[in-house]
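File shown here: coords_9.cif, holding mmCIF, C-alpha atoms.
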data_query
loop_
_atom_site.group_PDB
_atom_site.id
_atom_site.type_symbol
_atom_site.label_atom_id
_atom_site.label_comp_id
_atom_site.auth_asym_id
_atom_site.auth_seq_id
_atom_site.Cartn_x
_atom_site.Cartn_y
_atom_site.Cartn_z
ATOM 1 C CA MET A 25 57.730 -20.817 -46.658
ATOM 2 C CA PRO A 26 56.645 -21.813 -43.180
ATOM 3 C CA GLU A 27 59.392 -23.084 -40.933
ATOM 4 C CA SER A 28 57.765 -26.450 -40.378
ATOM 5 C CA SER A 29 57.966 -27.584 -43.988
ATOM 6 C CA GLU A 30 61.751 -27.348 -43.876
ATOM 7 C CA ARG A 31 61.684 -30.294 -41.530
ATOM 8 C CA GLY A 32 61.261 -33.831 -42.759
ATOM 9 C CA SER A 33 57.913 -35.332 -43.534
ATOM 10 C CA LEU A 34 55.728 -36.836 -40.848
ATOM 11 C CA THR A 35 55.760 -40.551 -40.205
ATOM 12 C CA GLU A 36 52.690 -42.377 -41.398
ATOM 13 C CA ALA A 37 51.730 -43.146 -37.788
ATOM 14 C CA VAL A 38 51.934 -39.490 -36.723
ATOM 15 C CA PHE A 39 50.051 -38.357 -39.841
ATOM 16 C CA TYR A 40 47.145 -40.701 -39.111
ATOM 17 C CA ILE A 41 47.127 -39.898 -35.380
ATOM 18 C CA LEU A 42 46.840 -36.170 -36.137
ATOM 19 C CA LEU A 43 44.177 -36.806 -38.748
ATOM 20 C CA ALA A 44 42.151 -38.973 -36.367
ATOM 21 C CA LEU A 45 42.245 -36.217 -33.746
ATOM 22 C CA TYR A 46 40.392 -33.629 -35.853
ATOM 23 C CA GLU A 47 37.637 -34.818 -33.547
ATOM 24 C CA PRO A 48 38.293 -35.740 -29.887
ATOM 25 C CA LEU A 49 39.193 -39.394 -29.497
ATOM 26 C CA HIS A 50 40.864 -41.768 -27.066
ATOM 27 C CA GLY A 51 43.823 -44.022 -27.863
ATOM 28 C CA TYR A 52 41.840 -47.057 -28.911
ATOM 29 C CA GLY A 53 39.662 -44.894 -31.181
ATOM 30 C CA ILE A 54 42.796 -43.600 -32.928
ATOM 31 C CA MET A 55 43.943 -47.181 -33.568
ATOM 32 C CA GLN A 56 40.545 -48.188 -34.955
ATOM 33 C CA LYS A 57 40.211 -45.141 -37.183
ATOM 34 C CA THR A 58 43.725 -45.559 -38.581
ATOM 35 C CA GLY A 59 43.045 -49.201 -39.339
ATOM 36 C CA GLU A 60 39.777 -48.283 -41.034
ATOM 37 C CA TRP A 61 41.240 -45.493 -43.198
ATOM 38 C CA SER A 62 44.174 -47.600 -44.360
ATOM 39 C CA ARG A 63 41.946 -50.676 -44.780
ATOM 40 C CA GLY A 64 43.952 -52.589 -42.200
ATOM 41 C CA ARG A 65 47.358 -51.740 -43.663
ATOM 42 C CA VAL A 66 48.485 -49.438 -40.830
ATOM 43 C CA ILE A 67 48.047 -51.144 -37.467
ATOM 44 C CA LEU A 68 49.322 -48.878 -34.704
ATOM 45 C CA GLY A 69 50.935 -50.752 -31.834
ATOM 46 C CA ALA A 70 49.674 -49.529 -28.470
ATOM 47 C CA GLY A 71 53.257 -48.912 -27.302
ATOM 48 C CA THR A 72 54.100 -46.931 -30.412
ATOM 49 C CA LEU A 73 50.878 -44.922 -30.121
ATOM 50 C CA TYR A 74 51.550 -44.194 -26.460
ATOM 51 C CA GLY A 75 55.010 -42.832 -27.242
ATOM 52 C CA ALA A 76 53.707 -40.795 -30.185
ATOM 53 C CA ILE A 77 50.880 -39.239 -28.134
ATOM 54 C CA ASN A 78 53.329 -38.127 -25.451
ATOM 55 C CA THR A 79 55.673 -36.615 -28.036
ATOM 56 C CA LEU A 80 52.799 -34.797 -29.783
ATOM 57 C CA LEU A 81 51.562 -33.466 -26.414
ATOM 58 C CA ASP A 82 55.083 -32.138 -25.708
ATOM 59 C CA LYS A 83 55.167 -30.462 -29.117
ATOM 60 C CA ASN A 84 51.731 -29.012 -28.435
ATOM 61 C CA TRP A 85 50.389 -30.488 -31.702
ATOM 62 C CA ILE A 86 47.625 -32.186 -29.723
ATOM 63 C CA GLN A 87 46.135 -31.557 -26.281
ATOM 64 C CA ALA A 88 44.131 -33.443 -23.678
ATOM 65 C CA TYR A 89 40.395 -33.038 -24.237
ATOM 66 C CA LYS A 90 38.002 -32.654 -21.337
ATOM 67 C CA SER A 91 34.835 -34.495 -22.264
ATOM 68 C CA GLU A 92 31.510 -33.881 -20.501
ATOM 69 C CA ASP A 93 30.689 -37.544 -19.985
ATOM 70 C CA ASP A 94 32.886 -39.092 -17.326
ATOM 71 C CA SER A 95 34.351 -41.808 -19.525
ATOM 72 C CA ARG A 96 37.554 -42.907 -17.865
ATOM 73 C CA LYS A 97 39.524 -43.123 -21.076
ATOM 74 C CA LYS A 98 41.661 -40.065 -21.774
ATOM 75 C CA GLU A 99 40.706 -38.200 -24.924
ATOM 76 C CA TYR A 100 42.856 -35.966 -27.103
ATOM 77 C CA VAL A 101 42.236 -33.396 -29.800
ATOM 78 C CA ILE A 102 44.445 -31.703 -32.404
ATOM 79 C CA THR A 103 45.600 -28.072 -31.850
ATOM 80 C CA ASP A 104 45.904 -25.307 -34.470
ATOM 81 C CA LEU A 105 49.645 -25.925 -34.541
ATOM 82 C CA GLY A 106 48.943 -29.601 -35.211
ATOM 83 C CA LYS A 107 46.571 -28.745 -38.049
ATOM 84 C CA ARG A 108 49.320 -26.634 -39.656
ATOM 85 C CA GLN A 109 51.600 -29.701 -39.628
ATOM 86 C CA VAL A 110 48.945 -31.775 -41.381
ATOM 87 C CA GLU A 111 48.409 -29.076 -44.009
ATOM 88 C CA ASP A 112 52.152 -28.811 -44.664
ATOM 89 C CA GLU A 113 52.331 -32.580 -44.939
ATOM 90 C CA LEU A 114 49.548 -32.581 -47.526
ATOM 91 C CA LEU A 115 51.616 -30.193 -49.666
ATOM 92 C CA ARG A 116 54.639 -32.470 -49.388
ATOM 93 C CA LEU A 117 52.549 -35.507 -50.248
ATOM 94 C CA GLU A 118 51.049 -33.760 -53.268
ATOM 95 C CA GLU A 119 54.509 -32.854 -54.485
ATOM 96 C CA ARG A 120 55.640 -36.460 -54.107
ATOM 97 C CA LEU A 121 52.571 -37.724 -55.882
ATOM 98 C CA GLN A 122 52.950 -35.277 -58.789
ATOM 99 C CA ASN A 123 56.640 -36.038 -59.263
ATOM 100 C CA GLY A 124 56.021 -39.753 -59.015
ATOM 101 C CA ARG A 125 53.278 -39.648 -61.608
ATOM 102 C CA MET A 126 55.256 -37.373 -63.897
ATOM 103 C CA VAL A 127 58.241 -39.721 -63.982
ATOM 104 C CA THR A 128 56.427 -43.045 -64.098
ATOM 105 C CA GLY A 129 53.893 -41.592 -66.481
ATOM 106 C CA GLY A 130 51.147 -43.400 -64.695
ATOM 107 C CA GLY A 131 48.549 -42.549 -62.173
ATOM 108 C CA ALA A 132 46.813 -44.879 -59.853
ATOM 109 C CA SER A 133 44.486 -46.715 -62.151
ATOM 110 C CA MET B 12 41.442 -76.353 -15.268
ATOM 111 C CA LYS B 13 44.810 -74.877 -14.447
ATOM 112 C CA LYS B 14 48.100 -76.249 -15.576
ATOM 113 C CA ILE B 15 51.407 -75.270 -14.038
ATOM 114 C CA ILE B 16 54.640 -75.671 -15.955
ATOM 115 C CA LYS B 17 58.063 -74.961 -14.485
ATOM 116 C CA LYS B 18 60.458 -73.854 -17.136
ATOM 117 C CA ALA B 19 63.436 -71.534 -17.358
ATOM 118 C CA PHE B 20 63.948 -69.114 -20.231
ATOM 119 C CA TRP B 21 66.793 -66.672 -20.682
ATOM 120 C CA ASN B 22 65.758 -65.369 -24.037
ATOM 121 C CA PRO B 23 62.443 -63.458 -23.966
ATOM 122 C CA GLU B 24 62.057 -63.875 -27.722
ATOM 123 C CA LYS B 25 62.046 -67.671 -27.390
ATOM 124 C CA GLU B 26 59.842 -67.426 -24.325
ATOM 125 C CA GLN B 27 57.313 -65.381 -26.305
ATOM 126 C CA THR B 28 57.342 -67.898 -29.142
ATOM 127 C CA TRP B 29 56.725 -70.706 -26.660
ATOM 128 C CA LEU B 30 53.811 -68.844 -25.013
ATOM 129 C CA ASN B 31 52.209 -68.328 -28.421
ATOM 130 C CA GLU B 32 52.666 -71.992 -29.297
ATOM 131 C CA MET B 33 50.977 -72.928 -26.012
ATOM 132 C CA ALA B 34 48.143 -70.464 -26.700
ATOM 133 C CA ALA B 35 47.685 -71.973 -30.165
ATOM 134 C CA LYS B 36 47.185 -75.329 -28.442
ATOM 135 C CA GLY B 37 44.576 -73.870 -26.085
ATOM 136 C CA LEU B 38 46.757 -73.212 -23.069
ATOM 137 C CA ALA B 39 46.777 -69.500 -22.271
ATOM 138 C CA LEU B 40 49.206 -68.029 -19.747
ATOM 139 C CA SER B 41 47.314 -66.507 -16.812
ATOM 140 C CA ASP B 42 50.131 -65.891 -14.336
ATOM 141 C CA TYR B 43 53.888 -65.975 -14.082
ATOM 142 C CA SER B 44 56.425 -65.808 -11.302
ATOM 143 C CA PHE B 45 60.031 -67.012 -11.258
ATOM 144 C CA TRP B 46 60.133 -69.816 -13.857
ATOM 145 C CA ARG B 47 56.612 -70.894 -12.923
ATOM 146 C CA TYR B 48 54.013 -70.560 -15.671
ATOM 147 C CA VAL B 49 50.296 -70.895 -14.884
ATOM 148 C CA PHE B 50 48.079 -71.723 -17.839
ATOM 149 C CA GLU B 51 44.311 -71.746 -18.211
ATOM 150 C CA GLU B 52 42.473 -73.765 -20.816
ATOM 151 C CA THR B 53 40.943 -71.703 -23.623
ATOM 152 C CA ASP B 54 39.907 -72.227 -27.198
ATOM 153 C CA PRO B 55 43.004 -72.898 -29.305
ATOM 154 C CA GLY B 56 44.475 -69.656 -30.636
ATOM 155 C CA GLU B 57 42.239 -67.395 -28.603
ATOM 156 C CA TYR B 58 45.071 -65.095 -27.508
ATOM 157 C CA ILE B 59 48.248 -63.591 -28.890
ATOM 158 C CA TYR B 60 51.056 -62.987 -26.373
ATOM 159 C CA ARG B 61 53.764 -60.337 -26.301
ATOM 160 C CA ILE B 62 56.516 -59.799 -23.754
ATOM 161 C CA ASP B 63 57.634 -56.223 -23.164
ATOM 162 C CA LEU B 64 60.287 -54.614 -20.994
ATOM 163 C CA LEU B 65 59.167 -51.451 -19.196
ATOM 164 C CA GLU B 66 61.368 -48.412 -18.673
ATOM 165 C CA GLN B 67 60.474 -48.301 -14.982
ATOM 166 C CA ASP B 68 59.273 -50.703 -12.333
ATOM 167 C CA PRO B 69 55.648 -51.820 -12.973
ATOM 168 C CA ARG B 70 54.464 -49.892 -9.898
ATOM 169 C CA HIS B 71 56.129 -46.656 -10.972
ATOM 170 C CA PRO B 72 53.443 -44.029 -11.831
ATOM 171 C CA GLU B 73 54.790 -43.745 -15.392
ATOM 172 C CA SER B 74 54.425 -47.506 -15.906
ATOM 173 C CA GLU B 75 50.950 -47.464 -14.392
ATOM 174 C CA VAL B 76 49.814 -44.828 -16.905
ATOM 175 C CA PHE B 77 51.325 -46.862 -19.757
ATOM 176 C CA LEU B 78 49.765 -50.141 -18.608
ATOM 177 C CA LYS B 79 46.390 -48.428 -18.163
ATOM 178 C CA PHE B 80 46.711 -47.127 -21.725
ATOM 179 C CA LEU B 81 47.388 -50.659 -22.970
ATOM 180 C CA GLU B 82 44.358 -51.988 -21.079
ATOM 181 C CA ASP B 83 42.189 -49.250 -22.606
ATOM 182 C CA SER B 84 43.241 -50.409 -26.071
ATOM 183 C CA GLY B 85 42.181 -54.006 -25.510
ATOM 184 C CA VAL B 86 45.479 -55.424 -24.242
ATOM 185 C CA SER B 87 45.479 -57.285 -20.923
ATOM 186 C CA VAL B 88 48.410 -57.340 -18.581
ATOM 187 C CA VAL B 89 48.690 -61.000 -17.589
ATOM 188 C CA ALA B 90 51.676 -60.757 -15.271
ATOM 189 C CA THR B 91 54.597 -58.514 -14.371
ATOM 190 C CA TYR B 92 58.023 -59.681 -13.266
ATOM 191 C CA PHE B 93 60.693 -57.105 -12.462
ATOM 192 C CA LYS B 94 60.391 -54.741 -15.430
ATOM 193 C CA TRP B 95 59.101 -57.496 -17.715
ATOM 194 C CA VAL B 96 55.394 -57.556 -18.581
ATOM 195 C CA TYR B 97 53.399 -60.385 -20.139
ATOM 196 C CA LEU B 98 50.683 -59.019 -22.401
ATOM 197 C CA ARG B 99 47.945 -60.661 -24.372
ATOM 198 C CA LYS B 100 45.191 -59.664 -26.741
ATOM 199 C CA LYS B 101 42.319 -61.602 -28.278
ATOM 200 C CA ALA B 102 43.394 -62.909 -31.661
ATOM 201 C CA ALA B 103 39.924 -62.041 -32.990
ATOM 202 C CA ASP B 104 40.775 -58.330 -32.563
ATOM 203 C CA GLY B 105 43.405 -58.582 -35.290
ATOM 204 C CA PRO B 106 47.213 -58.572 -35.282
ATOM 205 C CA PHE B 107 48.911 -57.605 -32.044
ATOM 206 C CA GLU B 108 52.218 -55.791 -31.842
ATOM 207 C CA VAL B 109 53.068 -53.400 -29.024
ATOM 208 C CA TYR B 110 55.531 -51.548 -31.258
ATOM 209 C CA SER B 111 54.572 -51.041 -34.871
ATOM 210 C CA ASP B 112 57.323 -48.739 -36.126
ATOM 211 C CA VAL B 113 61.075 -49.111 -36.444
ATOM 212 C CA GLU B 114 61.900 -46.282 -34.060
ATOM 213 C CA SER B 115 59.989 -47.638 -31.077
ATOM 214 C CA ARG B 116 61.160 -51.178 -31.822
ATOM 215 C CA ILE B 117 64.795 -50.068 -31.673
ATOM 216 C CA ARG B 118 64.067 -48.317 -28.372
ATOM 217 C CA MET B 119 62.640 -51.547 -26.964
ATOM 218 C CA TYR B 120 65.687 -53.573 -28.087
ATOM 219 C CA ARG B 121 67.912 -50.946 -26.454
ATOM 220 C CA ARG B 122 66.056 -51.415 -23.149
ATOM 221 C CA ILE B 123 66.589 -55.166 -23.381
ATOM 222 C CA LEU B 124 70.266 -54.657 -24.234
ATOM 223 C CA GLN B 125 70.677 -52.395 -21.213
ATOM 224 C CA PHE B 126 69.023 -55.021 -19.019
ATOM 225 C CA TRP B 127 71.395 -57.790 -20.166
ATOM 226 C CA THR B 128 74.414 -55.512 -20.010
ATOM 227 C CA SER B 129 73.736 -54.664 -16.366
ATOM 228 C CA LEU B 130 73.397 -58.388 -15.624
ATOM 229 C CA LEU B 131 76.702 -58.979 -17.373
ATOM 230 C CA ALA B 132 78.351 -56.175 -15.383
ATOM 231 C CA MET B 133 77.211 -57.845 -12.150
ATOM 232 C CA MET B 134 78.795 -61.102 -13.335
ATOM 233 C CA MET B 135 82.060 -59.355 -14.087
ATOM 234 C CA VAL B 136 82.118 -57.841 -10.583
ATOM 235 C CA ALA B 137 81.608 -61.349 -9.161
ATOM 236 C CA VAL B 138 84.537 -62.614 -11.271
ATOM 237 C CA LEU B 139 86.832 -59.831 -10.067
ATOM 238 C CA VAL B 140 85.873 -60.263 -6.394
ATOM 239 C CA ASN B 141 86.417 -64.032 -6.481
ATOM 240 C CA LEU B 142 89.728 -63.841 -8.324
ATOM 241 C CA GLY B 143 90.812 -60.980 -6.032
ATOM 242 C CA VAL B 144 90.184 -63.157 -2.985
ATOM 243 C CA PHE B 145 92.020 -66.031 -4.675
ATOM 244 C CA ILE B 146 95.094 -63.935 -5.425
ATOM 245 C CA ALA B 147 95.115 -62.442 -1.921
ATOM 246 C CA LYS B 148 94.996 -65.920 -0.331
ATOM 247 C CA PHE B 149 97.545 -67.290 -2.764
ATOM 248 C CA MET B 150 100.014 -64.543 -1.845
ATOM 249 C CA THR B 151 99.481 -64.894 1.921
ATOM 250 C CA THR B 152 98.191 -68.028 3.656
ATOM 251 C CA GLY B 153 97.894 -70.254 0.608
ATOM 252 C CA THR B 154 95.158 -72.305 2.303
ATOM 253 C CA PRO B 155 93.404 -74.827 0.010
ATOM 254 C CA ASP B 156 90.049 -72.958 0.264
ATOM 255 C CA MET B 157 91.547 -70.399 -2.118
ATOM 256 C CA TRP B 158 90.621 -72.829 -4.888
ATOM 257 C CA ILE B 159 86.923 -72.344 -4.021
ATOM 258 C CA SER B 160 87.301 -68.659 -4.841
ATOM 259 C CA PHE B 161 89.205 -69.566 -7.989
ATOM 260 C CA ALA B 162 86.472 -71.964 -9.112
ATOM 261 C CA GLY B 163 83.771 -69.414 -8.206
ATOM 262 C CA GLY B 164 85.515 -66.771 -10.299
ATOM 263 C CA CYS B 165 85.881 -69.123 -13.272
ATOM 264 C CA PHE B 166 82.262 -70.217 -12.989
ATOM 265 C CA CYS B 167 80.965 -66.610 -13.018
ATOM 266 C CA GLY B 168 83.309 -65.887 -15.936
ATOM 267 C CA ILE B 169 81.913 -68.785 -17.967
ATOM 268 C CA VAL B 170 78.324 -67.769 -17.168
ATOM 269 C CA GLY B 171 79.233 -64.235 -18.248
ATOM 270 C CA VAL B 172 80.610 -65.435 -21.586
ATOM 271 C CA VAL B 173 77.533 -67.613 -22.178
ATOM 272 C CA LEU B 174 75.235 -64.671 -21.349
ATOM 273 C CA PHE B 175 77.166 -62.466 -23.747
ATOM 274 C CA ILE B 176 77.001 -64.943 -26.620
ATOM 275 C CA THR B 177 73.388 -66.046 -26.147
ATOM 276 C CA LEU B 178 71.728 -62.809 -25.022
ATOM 277 C CA VAL B 179 73.751 -59.661 -25.640
ATOM 278 C CA GLN B 180 75.032 -60.479 -29.129
ATOM 279 C CA PRO B 181 71.646 -61.414 -30.671
ATOM 280 C CA VAL B 182 70.064 -58.170 -29.420
ATOM 281 C CA ARG B 183 72.970 -56.117 -30.768
ATOM 282 C CA LYS B 184 72.632 -57.825 -34.131
ATOM 283 C CA GLN B 185 68.893 -57.210 -34.079
ATOM 284 C CA ILE B 186 69.421 -53.489 -33.384
ATOM 285 C CA LYS B 187 71.904 -53.195 -36.265
ATOM 286 C CA LYS B 188 69.563 -55.011 -38.632
ATOM 287 C CA THR B 189 66.615 -52.837 -37.618
ATOM 288 C CA GLN B 190 68.668 -49.655 -38.008
ATOM 289 C CA ARG B 191 69.618 -50.628 -41.564
ATOM 290 C CA GLU B 192 65.951 -51.210 -42.272
ATOM 291 C CA ALA B 193 65.150 -47.761 -40.857
ATOM 292 C CA ILE B 194 67.085 -46.113 -43.698
ATOM 293 C CA VAL B 195 64.562 -47.454 -46.201
ATOM 294 C CA PHE B 196 61.329 -47.830 -44.233
ATOM 295 C CA GLU B 197 59.899 -45.877 -41.343
#

In structure tokens, write the structure found in this file.
Amino acid sequence: MPESSERGSLTEAVFYILLALYEPLHGYGIMQKTGEWSRGRVILGAGTLYGAINTLLDKNWIQAYKSEDDSRKKEYVITDLGKRQVEDELLRLEERLQNGRMVTGGGAS
Amino acid sequence: MKKIIKKAFWNPEKEQTWLNEMAAKGLALSDYSFWRYVFEETDPGEYIYRIDLLEQDPRHPESEVFLKFLEDSGVSVVATYFKWVYLRKKAADGPFEVYSDVESRIRMYRRILQFWTSLLAMMMVAVLVNLGVFIAKFMTTGTPDMWISFAGGCFCGIVGVVLFITLVQPVRKQIKKTQREAIVFE
């Protein structure tokens, strides 16, 4: 079992930030994409996003992206290490989903 | 048309509520300095306001990067005062919270708590200095001006107690409440 899956699961904010960065994006783009995917349920606060981006940069799960066009907004992109975290999280989520459905006997209808 | 209102707030939470009430009426804060609020007329409810406390001085490079990041995400910095920043966002762009998860909210409350605690510590030093002077005079010359020091010390002590009850305690309660919430929700 990979080491990372022994740690707790990712927060919803971090999960969506990583997912949004499968293609290079700036902060505002991450907020928009997250809002879109969750149909407005997950609204990332700019302060929360700022803190999360810095932590993910420190962990080397994402990195700064140098874009060709000289847009002044800083862009970021996920690293291979970051992708591994997302894949591990998907396994955890699947396990949760399976167990939840098994016990409640219902799926999402 | 500009409107200037002079008003004193100790509690940033109440101040924020007031700014949002004003914005709902069509008066949007455009500048702030020492108890002086400058409003501009806008459509009612055009902006949502949030007050935040920075970790560093607004001109510190770290703060500048953070404020630039906020601006890039559609938030405008209306005014800064010490480490406090007044932020606003167009209501049409959807809900506006600077901190959307429990963890970062607790961190913000902790910064506020630290701010009030240092203010309180300054008050306590003032109490000790004044009472020290009083006792020294009482033991030696006993001149009537010793009562000025005594009154000064008592005054700072009362202000300290009021600060503690109205500012420090509510933030501590808020942190505890949020931490309990954090056990269930992220």

Practice task
For CA of Glu26 (chain B) and CA of Tyr97 (chain B), quote the distance in Å rounded to one decimal.
Solution key: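 CA of Glu26 (chain B) sits 10.4 Å away from CA of Tyr97 (chain B).
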
Give one line per residue of chain B that approaches chain A to at most 6 Å, naming the two atoms of the closest pair and their distance in Å to one decimal, counting all atoms listed in the file; sort by chain then ascending residue number and deliver it as CSV.
residue,atom,partner,partner_atom,distance
B:Ser84,CA,A:Tyr52,CA,4.6
B:Glu108,CA,A:Gly69,CA,5.2
B:Val109,CA,A:Gly69,CA,4.4
B:Tyr110,CA,A:Gly69,CA,4.7
B:Ser111,CA,A:Gly69,CA,4.7
B:Ser115,CA,A:Thr72,CA,6.0

Exercise for the section: Within 8 Å of region 64-81 of chain B, counting all atoms listed in the file, which residues show up once you throw out same-chain ones fewer than 6 positions away? Write them as a list in words, please. Expected result: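 Everything that qualifies: Gly51, Ala70, Gly71 and Tyr74 of chain A; Ser87, Val88, Thr91, Phe93, Lys94, Trp95, Val96, Met119, Arg122 and Ile123 of chain B.
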
Practice task
For region 161-166 of chain B, work out the shell of residues within 12 Å, counting all atoms listed in the file and skipping chain neighbours fewer than 4 positions away, then give it as an NGL selection string.
Solution key: :B and (134-149 or 155-157 or 170-173)

Around region 98-103 of chain B, with edges along x, y and z and 3 Å added on all six sides, what centre and edge lengths do you get, in Å to one decimal, as lines of an AutoDock Vina configuration file?
center_x = 45.3
center_y = -61.0
center_z = -27.7
size_x = 16.8
size_y = 9.9
size_z = 16.6

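Of the listed residues B:Trp46, B:Asp83, B:Lys100, B:Met133, the one whose atoms come nearest to Gly168 (chain B) is B:Met133, with distances taken using all atoms listed in the file.
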
Exercise for the section: Excluding Gln125 (chain B) and any residue of its chain fewer than 3 positions from it, enumerate the residues within 12 Å of it, using all atoms listed in the file, and give them as a VMD selection string. Expected result: chain B and resid 64 to 66 118 to 122 128 to 132 178 to 179 182 to 183

Exercise for the section: List the residues matched by the PyMOL selection byres ((chain B and resi 101) around 8) in the displayed structure as a PyMOL selection string, ordered by chain and then by residue number. Expected result: chain B and resi 57-59+99-100+102-105
